[in-house]
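Trainee: For reference, this is my_file.txt, and it has compact mmCIF, N, CA and C atoms.
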```txt
# COMPACT_ATOMS: atom_id res chain seq x y z
N MET R 1 -8.78 1.61 3.77
CA MET R 1 -8.20 2.48 2.77
C MET R 1 -9.27 2.84 1.74
N THR R 2 -10.33 3.47 2.22
CA THR R 2 -11.43 3.79 1.32
C THR R 2 -11.68 5.30 1.25
N ARG R 3 -12.30 5.66 0.16
CA ARG R 3 -12.79 7.02 -0.05
C ARG R 3 -14.30 6.97 0.14
N LEU R 4 -14.87 8.06 0.61
CA LEU R 4 -16.30 8.13 0.87
C LEU R 4 -17.09 7.71 -0.37
N TRP R 5 -17.96 6.72 -0.19
CA TRP R 5 -18.83 6.28 -1.28
C TRP R 5 -20.01 5.53 -0.69
N ALA R 6 -21.18 5.80 -1.22
CA ALA R 6 -22.38 5.07 -0.84
C ALA R 6 -23.12 4.71 -2.11
N GLY R 7 -23.65 3.51 -2.16
CA GLY R 7 -24.39 3.09 -3.33
C GLY R 7 -24.84 1.65 -3.22
N MET R 8 -25.39 1.17 -4.32
CA MET R 8 -25.90 -0.19 -4.39
C MET R 8 -25.16 -0.95 -5.48
N ASP R 9 -24.93 -2.22 -5.24
CA ASP R 9 -24.38 -3.10 -6.25
C ASP R 9 -25.05 -4.46 -6.11
N ARG R 10 -25.73 -4.87 -7.19
CA ARG R 10 -26.43 -6.15 -7.22
C ARG R 10 -27.33 -6.36 -5.99
N GLY R 11 -28.05 -5.30 -5.63
CA GLY R 11 -29.01 -5.36 -4.55
C GLY R 11 -28.43 -5.21 -3.15
N GLU R 12 -27.12 -5.03 -3.06
CA GLU R 12 -26.49 -4.86 -1.74
C GLU R 12 -26.09 -3.41 -1.56
N SER R 13 -26.42 -2.86 -0.39
CA SER R 13 -26.12 -1.46 -0.09
C SER R 13 -24.74 -1.35 0.56
N PHE R 14 -23.99 -0.33 0.14
CA PHE R 14 -22.67 -0.08 0.69
C PHE R 14 -22.57 1.37 1.14
N ALA R 15 -21.87 1.60 2.25
CA ALA R 15 -21.59 2.95 2.74
C ALA R 15 -20.16 2.95 3.25
N LEU R 16 -19.23 3.37 2.40
CA LEU R 16 -17.82 3.39 2.76
C LEU R 16 -17.44 4.73 3.38
N LYS R 17 -16.61 4.67 4.40
CA LYS R 17 -16.14 5.87 5.07
C LYS R 17 -14.91 6.43 4.34
N ASN R 18 -14.66 7.71 4.55
CA ASN R 18 -13.45 8.34 4.02
C ASN R 18 -12.35 8.20 5.06
N HIS R 19 -11.36 7.36 4.79
CA HIS R 19 -10.31 7.12 5.77
C HIS R 19 -9.18 8.14 5.72
N GLY R 20 -8.85 8.65 4.56
CA GLY R 20 -7.77 9.64 4.47
C GLY R 20 -6.47 9.10 5.03
N ALA R 21 -5.59 10.00 5.46
CA ALA R 21 -4.30 9.65 6.05
C ALA R 21 -3.56 8.59 5.23
N SER R 22 -3.43 8.85 3.94
CA SER R 22 -2.78 7.86 3.06
C SER R 22 -1.33 7.61 3.43
N ASP R 23 -0.67 8.58 4.06
CA ASP R 23 0.71 8.34 4.48
C ASP R 23 0.77 7.26 5.56
N LEU R 24 -0.16 7.30 6.51
CA LEU R 24 -0.20 6.28 7.56
C LEU R 24 -0.60 4.92 7.02
N ARG R 25 -1.56 4.91 6.10
CA ARG R 25 -1.97 3.63 5.50
C ARG R 25 -0.83 3.04 4.67
N GLY R 26 -0.06 3.91 3.99
CA GLY R 26 1.11 3.43 3.25
C GLY R 26 2.13 2.79 4.18
N TYR R 27 2.36 3.42 5.32
CA TYR R 27 3.26 2.82 6.32
C TYR R 27 2.75 1.45 6.74
N ASP R 28 1.44 1.35 6.96
CA ASP R 28 0.85 0.08 7.38
C ASP R 28 1.05 -1.01 6.33
N VAL R 29 0.95 -0.65 5.05
CA VAL R 29 1.17 -1.63 3.98
C VAL R 29 2.63 -2.09 3.99
N VAL R 30 3.57 -1.14 4.11
CA VAL R 30 4.99 -1.51 4.17
C VAL R 30 5.25 -2.38 5.40
N LYS R 31 4.60 -2.05 6.51
CA LYS R 31 4.76 -2.86 7.73
C LYS R 31 4.22 -4.28 7.51
N ASP R 32 3.12 -4.41 6.77
CA ASP R 32 2.60 -5.74 6.45
C ASP R 32 3.59 -6.53 5.60
N ILE R 33 4.23 -5.87 4.62
CA ILE R 33 5.25 -6.55 3.81
C ILE R 33 6.39 -7.01 4.72
N HIS R 34 6.85 -6.14 5.58
CA HIS R 34 7.92 -6.46 6.53
C HIS R 34 7.54 -7.66 7.39
N ARG R 35 6.32 -7.67 7.89
CA ARG R 35 5.82 -8.75 8.75
C ARG R 35 5.77 -10.08 7.98
N VAL R 36 5.26 -10.06 6.76
CA VAL R 36 5.17 -11.30 5.98
C VAL R 36 6.56 -11.78 5.58
N GLU R 37 7.49 -10.85 5.30
CA GLU R 37 8.88 -11.26 5.05
C GLU R 37 9.45 -12.04 6.23
N ARG R 38 9.24 -11.53 7.43
CA ARG R 38 9.75 -12.22 8.63
C ARG R 38 9.11 -13.60 8.77
N PHE R 39 7.84 -13.71 8.45
CA PHE R 39 7.12 -14.97 8.58
C PHE R 39 7.63 -16.02 7.60
N THR R 40 7.97 -15.60 6.38
CA THR R 40 8.38 -16.55 5.35
C THR R 40 9.89 -16.75 5.28
N LEU R 41 10.66 -15.94 6.02
CA LEU R 41 12.11 -15.87 5.89
C LEU R 41 12.82 -17.22 5.90
N ASN R 42 12.65 -18.01 6.91
CA ASN R 42 13.38 -19.27 7.04
C ASN R 42 12.51 -20.48 6.76
N ARG R 43 11.51 -20.30 5.95
CA ARG R 43 10.61 -21.39 5.59
C ARG R 43 10.73 -21.63 4.09
N GLN R 44 11.62 -22.52 3.73
CA GLN R 44 11.92 -22.77 2.32
C GLN R 44 10.65 -23.13 1.55
N GLY R 45 10.48 -22.48 0.41
CA GLY R 45 9.33 -22.73 -0.45
C GLY R 45 8.08 -21.97 -0.06
N TRP R 46 8.12 -21.24 1.03
CA TRP R 46 6.94 -20.48 1.46
C TRP R 46 6.90 -19.13 0.76
N THR R 47 5.71 -18.71 0.43
CA THR R 47 5.49 -17.36 -0.06
C THR R 47 4.29 -16.80 0.68
N GLY R 48 4.18 -15.51 0.68
CA GLY R 48 3.05 -14.83 1.30
C GLY R 48 2.56 -13.73 0.39
N LEU R 49 1.42 -13.19 0.72
CA LEU R 49 0.83 -12.11 -0.06
C LEU R 49 0.39 -10.98 0.86
N VAL R 50 0.55 -9.77 0.39
CA VAL R 50 -0.10 -8.61 0.99
C VAL R 50 -1.05 -8.10 -0.09
N VAL R 51 -2.32 -8.00 0.25
CA VAL R 51 -3.34 -7.57 -0.70
C VAL R 51 -3.95 -6.26 -0.20
N VAL R 52 -3.96 -5.27 -1.09
CA VAL R 52 -4.52 -3.95 -0.78
C VAL R 52 -5.66 -3.72 -1.76
N LEU R 53 -6.80 -3.29 -1.25
CA LEU R 53 -7.95 -2.97 -2.09
C LEU R 53 -8.44 -1.59 -1.69
N THR R 54 -8.61 -0.71 -2.67
CA THR R 54 -9.05 0.65 -2.37
C THR R 54 -9.83 1.26 -3.54
N ASN R 55 -10.68 2.21 -3.19
CA ASN R 55 -11.36 3.01 -4.20
C ASN R 55 -10.83 4.45 -4.19
N ASP R 56 -9.70 4.67 -3.53
CA ASP R 56 -9.08 5.99 -3.45
C ASP R 56 -7.91 6.05 -4.43
N ALA R 57 -8.10 6.74 -5.54
CA ALA R 57 -7.08 6.81 -6.59
C ALA R 57 -5.78 7.44 -6.11
N GLY R 58 -5.82 8.16 -5.01
CA GLY R 58 -4.61 8.75 -4.46
C GLY R 58 -3.55 7.72 -4.09
N TYR R 59 -3.96 6.49 -3.87
CA TYR R 59 -2.99 5.44 -3.55
C TYR R 59 -2.26 4.95 -4.80
N TRP R 60 -2.98 4.76 -5.90
CA TRP R 60 -2.33 4.18 -7.08
C TRP R 60 -1.74 5.20 -8.03
N ARG R 61 -2.20 6.43 -7.97
CA ARG R 61 -1.63 7.45 -8.86
C ARG R 61 -0.24 7.85 -8.38
N PRO R 62 0.73 7.86 -9.29
CA PRO R 62 2.07 8.34 -8.89
C PRO R 62 2.02 9.83 -8.58
N ARG R 63 2.85 10.28 -7.68
CA ARG R 63 2.95 11.71 -7.37
C ARG R 63 3.52 12.43 -8.59
N THR R 64 2.97 13.61 -8.88
CA THR R 64 3.42 14.35 -10.04
C THR R 64 4.06 15.69 -9.68
N HIS R 65 3.96 16.10 -8.42
CA HIS R 65 4.46 17.42 -8.05
C HIS R 65 5.98 17.48 -7.95
N GLY R 66 6.66 16.36 -7.77
CA GLY R 66 8.11 16.34 -7.75
C GLY R 66 8.76 16.80 -6.45
N ARG R 67 7.97 17.24 -5.49
CA ARG R 67 8.54 17.67 -4.20
C ARG R 67 8.79 16.46 -3.31
N ILE R 68 9.85 16.54 -2.52
CA ILE R 68 10.13 15.50 -1.54
C ILE R 68 9.25 15.75 -0.33
N THR R 69 8.60 14.69 0.16
CA THR R 69 7.76 14.82 1.34
C THR R 69 8.27 13.87 2.43
N ASN R 70 7.77 14.05 3.63
CA ASN R 70 8.17 13.19 4.74
C ASN R 70 7.63 11.77 4.62
N ALA R 71 6.66 11.56 3.75
CA ALA R 71 6.05 10.23 3.59
C ALA R 71 6.45 9.53 2.30
N ASP R 72 7.45 10.05 1.58
CA ASP R 72 7.82 9.46 0.29
C ASP R 72 8.12 7.96 0.37
N ALA R 73 8.71 7.50 1.45
CA ALA R 73 9.09 6.09 1.58
C ALA R 73 7.88 5.17 1.64
N PHE R 74 6.69 5.74 1.83
CA PHE R 74 5.49 4.92 2.01
C PHE R 74 4.45 5.17 0.92
N ARG R 75 4.85 5.78 -0.17
CA ARG R 75 3.94 6.00 -1.30
C ARG R 75 3.77 4.69 -2.06
N LEU R 76 2.54 4.43 -2.50
CA LEU R 76 2.21 3.16 -3.14
C LEU R 76 1.82 3.33 -4.61
N GLY R 77 2.19 4.43 -5.21
CA GLY R 77 1.78 4.74 -6.58
C GLY R 77 2.26 3.71 -7.59
N GLU R 78 1.52 3.61 -8.67
CA GLU R 78 1.86 2.71 -9.78
C GLU R 78 3.31 2.92 -10.19
N GLY R 79 4.06 1.84 -10.27
CA GLY R 79 5.44 1.91 -10.72
C GLY R 79 6.46 2.14 -9.61
N ALA R 80 6.01 2.48 -8.42
CA ALA R 80 6.94 2.65 -7.30
C ALA R 80 7.58 1.30 -6.98
N VAL R 81 8.77 1.34 -6.40
CA VAL R 81 9.44 0.12 -5.96
C VAL R 81 9.73 0.26 -4.47
N LEU R 82 9.22 -0.69 -3.70
CA LEU R 82 9.48 -0.70 -2.26
C LEU R 82 10.63 -1.65 -2.01
N GLU R 83 11.73 -1.12 -1.44
CA GLU R 83 12.89 -1.94 -1.12
C GLU R 83 13.76 -1.18 -0.12
N GLY R 84 14.64 -1.91 0.54
CA GLY R 84 15.57 -1.28 1.47
C GLY R 84 14.88 -0.72 2.70
N SER R 85 15.55 0.23 3.33
CA SER R 85 15.02 0.84 4.54
C SER R 85 13.97 1.89 4.18
N ARG R 86 12.82 1.81 4.81
CA ARG R 86 11.72 2.76 4.58
C ARG R 86 11.50 3.51 5.88
N ALA R 87 11.70 4.82 5.84
CA ALA R 87 11.60 5.64 7.05
C ALA R 87 10.96 6.98 6.73
N TRP R 88 10.37 7.58 7.76
CA TRP R 88 9.78 8.90 7.62
C TRP R 88 10.86 9.95 7.37
N GLY R 89 10.49 11.02 6.72
CA GLY R 89 11.40 12.13 6.51
C GLY R 89 11.71 12.84 7.82
N PRO R 90 12.72 13.71 7.82
CA PRO R 90 13.21 14.32 9.06
C PRO R 90 12.23 15.29 9.73
N ASN R 91 11.25 15.79 9.01
CA ASN R 91 10.33 16.77 9.60
C ASN R 91 8.95 16.20 9.91
N THR R 92 8.88 14.88 10.03
CA THR R 92 7.61 14.24 10.33
C THR R 92 7.19 14.60 11.74
N GLY R 93 5.95 14.98 11.89
CA GLY R 93 5.44 15.38 13.20
C GLY R 93 4.79 14.22 13.95
N GLY R 94 3.91 14.57 14.85
CA GLY R 94 3.26 13.60 15.72
C GLY R 94 2.27 12.68 15.05
N THR R 95 1.96 12.93 13.78
CA THR R 95 0.97 12.08 13.11
C THR R 95 1.46 10.65 12.93
N SER R 96 2.77 10.43 13.04
CA SER R 96 3.31 9.07 12.87
C SER R 96 3.37 8.31 14.19
N ARG R 97 2.79 8.85 15.24
CA ARG R 97 2.84 8.22 16.56
C ARG R 97 2.40 6.76 16.47
N GLY R 98 3.24 5.88 17.01
CA GLY R 98 2.98 4.45 16.95
C GLY R 98 3.50 3.80 15.68
N ARG R 99 4.01 4.62 14.78
CA ARG R 99 4.54 4.13 13.51
C ARG R 99 5.92 4.75 13.24
N GLU R 100 6.67 5.01 14.27
CA GLU R 100 7.94 5.72 14.12
C GLU R 100 9.06 4.86 13.54
N ALA R 101 9.04 3.57 13.80
CA ALA R 101 10.16 2.70 13.45
C ALA R 101 10.38 2.62 11.94
N ALA R 102 11.66 2.69 11.55
CA ALA R 102 12.00 2.43 10.15
C ALA R 102 11.75 0.95 9.88
N LEU R 103 11.38 0.63 8.65
CA LEU R 103 11.10 -0.75 8.27
C LEU R 103 12.10 -1.17 7.20
N ASP R 104 12.88 -2.19 7.48
CA ASP R 104 13.89 -2.67 6.54
C ASP R 104 13.34 -3.86 5.77
N LEU R 105 13.19 -3.67 4.47
CA LEU R 105 12.67 -4.73 3.61
C LEU R 105 13.83 -5.53 3.03
N ARG R 106 13.70 -6.84 3.01
CA ARG R 106 14.73 -7.72 2.45
C ARG R 106 14.61 -7.82 0.93
N GLY R 107 13.38 -7.78 0.45
CA GLY R 107 13.15 -7.95 -0.98
C GLY R 107 12.90 -6.63 -1.69
N SER R 108 12.61 -6.75 -2.96
CA SER R 108 12.31 -5.59 -3.80
C SER R 108 10.93 -5.83 -4.41
N TYR R 109 10.05 -4.84 -4.29
CA TYR R 109 8.66 -5.01 -4.67
C TYR R 109 8.19 -3.89 -5.60
N PRO R 110 8.26 -4.13 -6.91
CA PRO R 110 7.70 -3.15 -7.86
C PRO R 110 6.17 -3.20 -7.75
N LEU R 111 5.53 -2.06 -7.68
CA LEU R 111 4.09 -2.00 -7.46
C LEU R 111 3.33 -1.85 -8.77
N THR R 112 2.41 -2.77 -8.97
CA THR R 112 1.54 -2.76 -10.15
C THR R 112 0.11 -2.95 -9.68
N TRP R 113 -0.69 -1.94 -9.87
CA TRP R 113 -2.09 -2.00 -9.48
C TRP R 113 -2.91 -2.65 -10.60
N ILE R 114 -3.94 -3.40 -10.22
CA ILE R 114 -4.84 -4.02 -11.20
C ILE R 114 -6.27 -3.56 -10.94
N ASP R 115 -7.05 -3.50 -12.00
CA ASP R 115 -8.46 -3.16 -11.84
C ASP R 115 -9.17 -4.28 -11.10
N TYR R 116 -10.02 -3.90 -10.17
CA TYR R 116 -10.78 -4.89 -9.39
C TYR R 116 -12.26 -4.83 -9.76
N SER R 117 -12.86 -3.64 -9.66
CA SER R 117 -14.26 -3.49 -10.06
C SER R 117 -14.59 -2.02 -10.26
N THR R 118 -15.65 -1.78 -11.00
CA THR R 118 -16.16 -0.43 -11.20
C THR R 118 -17.66 -0.47 -10.95
N LEU R 119 -18.12 0.41 -10.07
CA LEU R 119 -19.53 0.41 -9.68
C LEU R 119 -20.29 1.59 -10.25
N GLY R 120 -19.66 2.36 -11.11
CA GLY R 120 -20.28 3.52 -11.72
C GLY R 120 -19.22 4.36 -12.38
N SER R 121 -19.53 5.64 -12.58
CA SER R 121 -18.58 6.49 -13.28
C SER R 121 -18.00 7.60 -12.40
N GLY R 122 -18.34 7.61 -11.13
CA GLY R 122 -17.83 8.65 -10.22
C GLY R 122 -16.40 8.37 -9.80
N PRO R 123 -15.76 9.36 -9.18
CA PRO R 123 -14.34 9.24 -8.82
C PRO R 123 -14.07 8.18 -7.76
N ALA R 124 -15.03 7.81 -6.93
CA ALA R 124 -14.79 6.82 -5.89
C ALA R 124 -15.44 5.48 -6.22
N GLU R 125 -15.81 5.29 -7.47
CA GLU R 125 -16.52 4.06 -7.84
C GLU R 125 -15.65 3.04 -8.54
N THR R 126 -14.37 3.35 -8.69
CA THR R 126 -13.41 2.41 -9.27
C THR R 126 -12.57 1.84 -8.14
N PHE R 127 -12.50 0.54 -8.08
CA PHE R 127 -11.70 -0.15 -7.08
C PHE R 127 -10.52 -0.82 -7.76
N ARG R 128 -9.35 -0.66 -7.17
CA ARG R 128 -8.15 -1.29 -7.70
C ARG R 128 -7.48 -2.08 -6.58
N ALA R 129 -6.71 -3.07 -6.98
CA ALA R 129 -6.02 -3.94 -6.02
C ALA R 129 -4.53 -3.94 -6.28
N LEU R 130 -3.79 -4.08 -5.21
CA LEU R 130 -2.35 -4.21 -5.25
C LEU R 130 -2.04 -5.54 -4.58
N ILE R 131 -1.43 -6.46 -5.32
CA ILE R 131 -1.11 -7.78 -4.77
C ILE R 131 0.41 -7.91 -4.78
N ILE R 132 0.97 -7.99 -3.59
CA ILE R 132 2.41 -8.03 -3.43
C ILE R 132 2.81 -9.42 -2.94
N GLN R 133 3.56 -10.13 -3.77
CA GLN R 133 4.01 -11.47 -3.42
C GLN R 133 5.34 -11.38 -2.66
N ILE R 134 5.40 -12.08 -1.55
CA ILE R 134 6.59 -12.07 -0.69
C ILE R 134 7.07 -13.49 -0.52
N GLY R 135 8.36 -13.68 -0.72
CA GLY R 135 8.92 -15.01 -0.53
C GLY R 135 10.19 -15.15 -1.33
N GLU R 136 10.52 -16.36 -1.66
CA GLU R 136 11.80 -16.67 -2.30
C GLU R 136 12.08 -15.85 -3.55
N THR R 137 11.06 -15.56 -4.35
CA THR R 137 11.31 -14.85 -5.60
C THR R 137 11.67 -13.39 -5.36
N ASN R 138 11.38 -12.86 -4.16
CA ASN R 138 11.67 -11.46 -3.87
C ASN R 138 12.84 -11.29 -2.90
N GLU R 139 13.42 -12.37 -2.43
CA GLU R 139 14.50 -12.26 -1.45
C GLU R 139 15.77 -11.74 -2.10
N VAL R 140 16.48 -10.94 -1.38
CA VAL R 140 17.75 -10.41 -1.84
C VAL R 140 18.71 -11.59 -2.05
N GLY R 141 19.38 -11.60 -3.19
CA GLY R 141 20.35 -12.66 -3.48
C GLY R 141 19.73 -13.88 -4.12
N SER R 142 18.44 -13.88 -4.43
CA SER R 142 17.82 -15.05 -5.08
C SER R 142 18.08 -15.03 -6.57
```
How does this structure look as structure tokens?

Mentor:
Amino acid sequence: MTRLWAGMDRGESFALKNHGASDLRGYDVVKDIHRVERFTLNRQGWTGLVVVLTNDAGYWRPRTHGRITNADAFRLGEGAVLEGSRAWGPNTGGTSRGREAALDLRGSYPLTWIDYSTLGSGPAETFRALIIQIGETNEVGS
């Protein structure tokens, strides 16, 4: 989940690729939450984490255009809440191939991004993290 960036930090060279397809990556994050929920479900006292790290501000910025899109259920913007059934909109095309299944979340996950690091002043030089805790504190009915 990176945006194109190349540079140096503390003597180490980095060359990040531009991954794009934020709708598909959002689905993958929701699928990870779903997977960790299943893993922790019947294990009393267990919790899990889904950690997302990106330098692409498109993930953490809330949508401002107000239009409904086919990928709304998988947006990860600051302040969004992931809960309930998450599915593609009715006009989703072939780009969701392999990711067609709706994902039913048991818990409720308000999204809060945190600053991770800044490697300069350019648009792709700020990295933020999303840490989603899954377990008893997020289970429905807890």

Trainee: Find the residues around R:Leu49 up to 8 Å (all atoms listed in the file counted), leave out those fewer than 5 positions away in its own chain, and share them as an mmCIF file with N, CA and C atoms, in the coordinates of the input.

Mentor:
```
data_model
loop_
_atom_site.group_PDB
_atom_site.id
_atom_site.type_symbol
_atom_site.label_atom_id
_atom_site.label_comp_id
_atom_site.auth_asym_id
_atom_site.auth_seq_id
_atom_site.Cartn_x
_atom_site.Cartn_y
_atom_site.Cartn_z
ATOM 1 N N ASP R 32 3.120 -4.410 6.770
ATOM 2 C CA ASP R 32 2.600 -5.740 6.450
ATOM 3 C C ASP R 32 3.590 -6.530 5.600
ATOM 4 N N ILE R 33 4.230 -5.870 4.620
ATOM 5 C CA ILE R 33 5.250 -6.550 3.810
ATOM 6 C C ILE R 33 6.390 -7.010 4.720
ATOM 7 N N VAL R 36 5.260 -10.060 6.760
ATOM 8 C CA VAL R 36 5.170 -11.300 5.980
ATOM 9 C C VAL R 36 6.560 -11.780 5.580
ATOM 10 N N GLU R 37 7.490 -10.850 5.300
ATOM 11 C CA GLU R 37 8.880 -11.260 5.050
ATOM 12 C C GLU R 37 9.450 -12.040 6.230
ATOM 13 N N ILE R 131 -1.430 -6.460 -5.320
ATOM 14 C CA ILE R 131 -1.110 -7.780 -4.770
ATOM 15 C C ILE R 131 0.410 -7.910 -4.780
ATOM 16 N N ILE R 132 0.970 -7.990 -3.590
ATOM 17 C CA ILE R 132 2.410 -8.030 -3.430
ATOM 18 C C ILE R 132 2.810 -9.420 -2.940
ATOM 19 N N GLN R 133 3.560 -10.130 -3.770
ATOM 20 C CA GLN R 133 4.010 -11.470 -3.420
ATOM 21 C C GLN R 133 5.340 -11.380 -2.660
ATOM 22 N N ILE R 134 5.400 -12.080 -1.550
ATOM 23 C CA ILE R 134 6.590 -12.070 -0.690
ATOM 24 C C ILE R 134 7.070 -13.490 -0.520
ATOM 25 N N GLY R 135 8.360 -13.680 -0.720
ATOM 26 C CA GLY R 135 8.920 -15.010 -0.530
ATOM 27 C C GLY R 135 10.190 -15.150 -1.330
#
```

Trainee: Between R:Glu100, R:Asp56, R:Asp23, R:Glu12, which one has atoms that come closest to R:Phe127, using only C-alpha atoms?

Mentor: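 With only C-alpha atoms as the atom set, the closest residue is R:Asp56.
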
Trainee: Kindly indicate which residue among R:Val30, R:Leu103, R:Ala57, R:Ile114 lies nearest to R:Phe74, using only C-alpha atoms for the distances.

Mentor: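 Of all the options, R:Val30 lies closest to R:Phe74.
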
Trainee: Residues of chain R classed as strand (DSSP E or B) by DSSP on the backbone are to be reported as JSON, numbers by chain.

Mentor: {"R": [5, 6, 7, 8, 9, 12, 13, 14, 15, 16, 47, 48, 49, 50, 51, 52, 53, 54, 81, 82, 83, 84, 85, 86, 103, 104, 105, 106, 107, 108, 109, 110, 113, 114, 115, 116, 117, 118, 126, 127, 128, 129, 130, 131, 132, 133, 134, 135]}

Trainee: Using N, CA and C atoms, can you export the residues from the last selection as a compact mmCIF listing (two decimals), in the coordinates of the input?

Mentor:
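Output contents, as saved in again_8.txt:
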```txt
# COMPACT_ATOMS: atom_id res chain seq x y z
N TRP R 5 -17.96 6.72 -0.19
CA TRP R 5 -18.83 6.28 -1.28
C TRP R 5 -20.01 5.53 -0.69
N ALA R 6 -21.18 5.80 -1.22
CA ALA R 6 -22.38 5.07 -0.84
C ALA R 6 -23.12 4.71 -2.11
N GLY R 7 -23.65 3.51 -2.16
CA GLY R 7 -24.39 3.09 -3.33
C GLY R 7 -24.84 1.65 -3.22
N MET R 8 -25.39 1.17 -4.32
CA MET R 8 -25.90 -0.19 -4.39
C MET R 8 -25.16 -0.95 -5.48
N ASP R 9 -24.93 -2.22 -5.24
CA ASP R 9 -24.38 -3.10 -6.25
C ASP R 9 -25.05 -4.46 -6.11
N GLU R 12 -27.12 -5.03 -3.06
CA GLU R 12 -26.49 -4.86 -1.74
C GLU R 12 -26.09 -3.41 -1.56
N SER R 13 -26.42 -2.86 -0.39
CA SER R 13 -26.12 -1.46 -0.09
C SER R 13 -24.74 -1.35 0.56
N PHE R 14 -23.99 -0.33 0.14
CA PHE R 14 -22.67 -0.08 0.69
C PHE R 14 -22.57 1.37 1.14
N ALA R 15 -21.87 1.60 2.25
CA ALA R 15 -21.59 2.95 2.74
C ALA R 15 -20.16 2.95 3.25
N LEU R 16 -19.23 3.37 2.40
CA LEU R 16 -17.82 3.39 2.76
C LEU R 16 -17.44 4.73 3.38
N THR R 47 5.71 -18.71 0.43
CA THR R 47 5.49 -17.36 -0.06
C THR R 47 4.29 -16.80 0.68
N GLY R 48 4.18 -15.51 0.68
CA GLY R 48 3.05 -14.83 1.30
C GLY R 48 2.56 -13.73 0.39
N LEU R 49 1.42 -13.19 0.72
CA LEU R 49 0.83 -12.11 -0.06
C LEU R 49 0.39 -10.98 0.86
N VAL R 50 0.55 -9.77 0.39
CA VAL R 50 -0.10 -8.61 0.99
C VAL R 50 -1.05 -8.10 -0.09
N VAL R 51 -2.32 -8.00 0.25
CA VAL R 51 -3.34 -7.57 -0.70
C VAL R 51 -3.95 -6.26 -0.20
N VAL R 52 -3.96 -5.27 -1.09
CA VAL R 52 -4.52 -3.95 -0.78
C VAL R 52 -5.66 -3.72 -1.76
N LEU R 53 -6.80 -3.29 -1.25
CA LEU R 53 -7.95 -2.97 -2.09
C LEU R 53 -8.44 -1.59 -1.69
N THR R 54 -8.61 -0.71 -2.67
CA THR R 54 -9.05 0.65 -2.37
C THR R 54 -9.83 1.26 -3.54
N VAL R 81 8.77 1.34 -6.40
CA VAL R 81 9.44 0.12 -5.96
C VAL R 81 9.73 0.26 -4.47
N LEU R 82 9.22 -0.69 -3.70
CA LEU R 82 9.48 -0.70 -2.26
C LEU R 82 10.63 -1.65 -2.01
N GLU R 83 11.73 -1.12 -1.44
CA GLU R 83 12.89 -1.94 -1.12
C GLU R 83 13.76 -1.18 -0.12
N GLY R 84 14.64 -1.91 0.54
CA GLY R 84 15.57 -1.28 1.47
C GLY R 84 14.88 -0.72 2.70
N SER R 85 15.55 0.23 3.33
CA SER R 85 15.02 0.84 4.54
C SER R 85 13.97 1.89 4.18
N ARG R 86 12.82 1.81 4.81
CA ARG R 86 11.72 2.76 4.58
C ARG R 86 11.50 3.51 5.88
N LEU R 103 11.38 0.63 8.65
CA LEU R 103 11.10 -0.75 8.27
C LEU R 103 12.10 -1.17 7.20
N ASP R 104 12.88 -2.19 7.48
CA ASP R 104 13.89 -2.67 6.54
C ASP R 104 13.34 -3.86 5.77
N LEU R 105 13.19 -3.67 4.47
CA LEU R 105 12.67 -4.73 3.61
C LEU R 105 13.83 -5.53 3.03
N ARG R 106 13.70 -6.84 3.01
CA ARG R 106 14.73 -7.72 2.45
C ARG R 106 14.61 -7.82 0.93
N GLY R 107 13.38 -7.78 0.45
CA GLY R 107 13.15 -7.95 -0.98
C GLY R 107 12.90 -6.63 -1.69
N SER R 108 12.61 -6.75 -2.96
CA SER R 108 12.31 -5.59 -3.80
C SER R 108 10.93 -5.83 -4.41
N TYR R 109 10.05 -4.84 -4.29
CA TYR R 109 8.66 -5.01 -4.67
C TYR R 109 8.19 -3.89 -5.60
N PRO R 110 8.26 -4.13 -6.91
CA PRO R 110 7.70 -3.15 -7.86
C PRO R 110 6.17 -3.20 -7.75
N TRP R 113 -0.69 -1.94 -9.87
CA TRP R 113 -2.09 -2.00 -9.48
C TRP R 113 -2.91 -2.65 -10.60
N ILE R 114 -3.94 -3.40 -10.22
CA ILE R 114 -4.84 -4.02 -11.20
C ILE R 114 -6.27 -3.56 -10.94
N ASP R 115 -7.05 -3.50 -12.00
CA ASP R 115 -8.46 -3.16 -11.84
C ASP R 115 -9.17 -4.28 -11.10
N TYR R 116 -10.02 -3.90 -10.17
CA TYR R 116 -10.78 -4.89 -9.39
C TYR R 116 -12.26 -4.83 -9.76
N SER R 117 -12.86 -3.64 -9.66
CA SER R 117 -14.26 -3.49 -10.06
C SER R 117 -14.59 -2.02 -10.26
N THR R 118 -15.65 -1.78 -11.00
CA THR R 118 -16.16 -0.43 -11.20
C THR R 118 -17.66 -0.47 -10.95
N THR R 126 -14.37 3.35 -8.69
CA THR R 126 -13.41 2.41 -9.27
C THR R 126 -12.57 1.84 -8.14
N PHE R 127 -12.50 0.54 -8.08
CA PHE R 127 -11.70 -0.15 -7.08
C PHE R 127 -10.52 -0.82 -7.76
N ARG R 128 -9.35 -0.66 -7.17
CA ARG R 128 -8.15 -1.29 -7.70
C ARG R 128 -7.48 -2.08 -6.58
N ALA R 129 -6.71 -3.07 -6.98
CA ALA R 129 -6.02 -3.94 -6.02
C ALA R 129 -4.53 -3.94 -6.28
N LEU R 130 -3.79 -4.08 -5.21
CA LEU R 130 -2.35 -4.21 -5.25
C LEU R 130 -2.04 -5.54 -4.58
N ILE R 131 -1.43 -6.46 -5.32
CA ILE R 131 -1.11 -7.78 -4.77
C ILE R 131 0.41 -7.91 -4.78
N ILE R 132 0.97 -7.99 -3.59
CA ILE R 132 2.41 -8.03 -3.43
C ILE R 132 2.81 -9.42 -2.94
N GLN R 133 3.56 -10.13 -3.77
CA GLN R 133 4.01 -11.47 -3.42
C GLN R 133 5.34 -11.38 -2.66
N ILE R 134 5.40 -12.08 -1.55
CA ILE R 134 6.59 -12.07 -0.69
C ILE R 134 7.07 -13.49 -0.52
N GLY R 135 8.36 -13.68 -0.72
CA GLY R 135 8.92 -15.01 -0.53
C GLY R 135 10.19 -15.15 -1.33
```

Trainee: Nearest to R:Thr69 among R:Gly45, R:Pro90, R:Gly11, R:Gly20, with distances taken over all atoms listed in the file: which residue is it?

Mentor: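 Nearest candidate to R:Thr69 out of R:Gly45, R:Pro90, R:Gly11, R:Gly20: R:Pro90.
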